[in-house]
Amino acid sequence: MSFDTTVLFTGSPTSDAEREAWQRKPRLPRRTRALTGQPMVRYIGRDDIARTVEGWQPWLDVVVDWLHEGRSPTVLLHTPDNVDALWLARRFHDAVRARVPEVEPLPEPLPTEPLALF
């Protein structure tokens with residue numbers, strides 16, 4: 001598994017969640033070499049969406065290359081507060097699909113509102 005915190009540690013923390021992540025997450029270099037047919041990436045961005053998206057750009061190229069090599073990658077995308085993590089993960093997947101159209105679309109998420117009896 002590649003654990004990428006490079007974007008998290010670019011610039012000082014700007015929120016309580018980022019300050020906590022700075023204390024808990026390791027500072028590791030970005031490692032993009034796949035060692036298996038099912039490489040896994042855990043990417044930790046920032047609470048700022050634009051900085052998170054900018055920081056994952058190198059992973060788009062890597063994931064696309066892995067797919068073209070016949071690998072089956074898994075990308076776990078987080079932010080310190082995880083408020084937009086689901087939406088950002090779908091955005092990353094859409095960016096990969098734009099480059100590799102044969103990648104299946106993600107299913108639509110289930111509604112989160114409570115179900116009514118009537």
# chains A, B, ... in the order shown; residues from 1 in each chain; ligands from 1
>>> residues_around(residues="A:Gly45", least_positions_apart="6", cutoff="8 Å", atoms="only C-alpha atoms", output="PyMOL selection string")
chain A and resi 5+7-8+51-53+55-56+77-80
>>> residues_around(residues="A:Gln38", least_positions_apart="2", cutoff="9 Å", atoms="only C-alpha atoms", output="list in words")
Ala34, Leu35, Thr36, Met40, Arg71, Ser72, Pro73 and Thr74 of chain A
>>> write_last_selection(atoms="N, CA, C and O atoms", output="compact mmCIF listing (two decimals), in the first residue's frame")
# COMPACT_ATOMS: atom_id res chain seq x y z
N ALA A 34 4.04 0.03 -8.38
CA ALA A 34 3.12 -1.05 -8.02
C ALA A 34 3.92 -2.34 -7.85
O ALA A 34 4.73 -2.69 -8.69
N LEU A 35 3.66 -3.04 -6.76
CA LEU A 35 4.34 -4.30 -6.49
C LEU A 35 3.44 -5.51 -6.71
O LEU A 35 3.91 -6.63 -6.70
N THR A 36 2.14 -5.25 -6.90
CA THR A 36 1.19 -6.34 -7.09
C THR A 36 0.22 -5.97 -8.22
O THR A 36 0.24 -4.85 -8.72
N MET A 40 -2.72 -0.52 -3.95
CA MET A 40 -3.64 0.27 -3.14
C MET A 40 -2.95 1.58 -2.75
O MET A 40 -1.78 1.59 -2.38
N ARG A 71 -3.57 -3.85 -14.23
CA ARG A 71 -3.68 -3.91 -12.76
C ARG A 71 -5.08 -3.45 -12.34
O ARG A 71 -5.80 -2.82 -13.09
N SER A 72 -5.42 -3.75 -11.10
CA SER A 72 -6.72 -3.38 -10.55
C SER A 72 -6.50 -2.55 -9.28
O SER A 72 -6.54 -3.08 -8.17
N PRO A 73 -6.27 -1.24 -9.43
CA PRO A 73 -5.94 -0.41 -8.26
C PRO A 73 -7.16 -0.05 -7.43
O PRO A 73 -8.28 0.01 -7.93
N THR A 74 -6.89 0.21 -6.17
CA THR A 74 -7.87 0.75 -5.23
C THR A 74 -7.29 2.04 -4.68
O THR A 74 -6.14 2.06 -4.22
>>> closest_atom_pairs(of="stretch 14-93 of chain A", to="stretch 101-114 of chain A", cutoff="9 Å", atoms="only C-alpha atoms", output="JSON lines")
{"residue": "A:Leu67", "atom": "CA", "partner": "A:Val103", "partner_atom": "CA", "distance": 8.9}
{"residue": "A:Arg90", "atom": "CA", "partner": "A:Leu106", "partner_atom": "CA", "distance": 7.5}
{"residue": "A:His93", "atom": "CA", "partner": "A:Leu106", "partner_atom": "CA", "distance": 7.9}
>>> closest_residue(among="A:Asp47, A:Glu54, A:Glu69, A:Asp16", to="A:Asp84", atoms="only C-alpha atoms")
A:Asp47
>>> closest_residue(among="A:Trp87, A:Gln57, A:Arg46, A:Ala98", to="A:Thr14", atoms="only C-alpha atoms")
A:Arg46
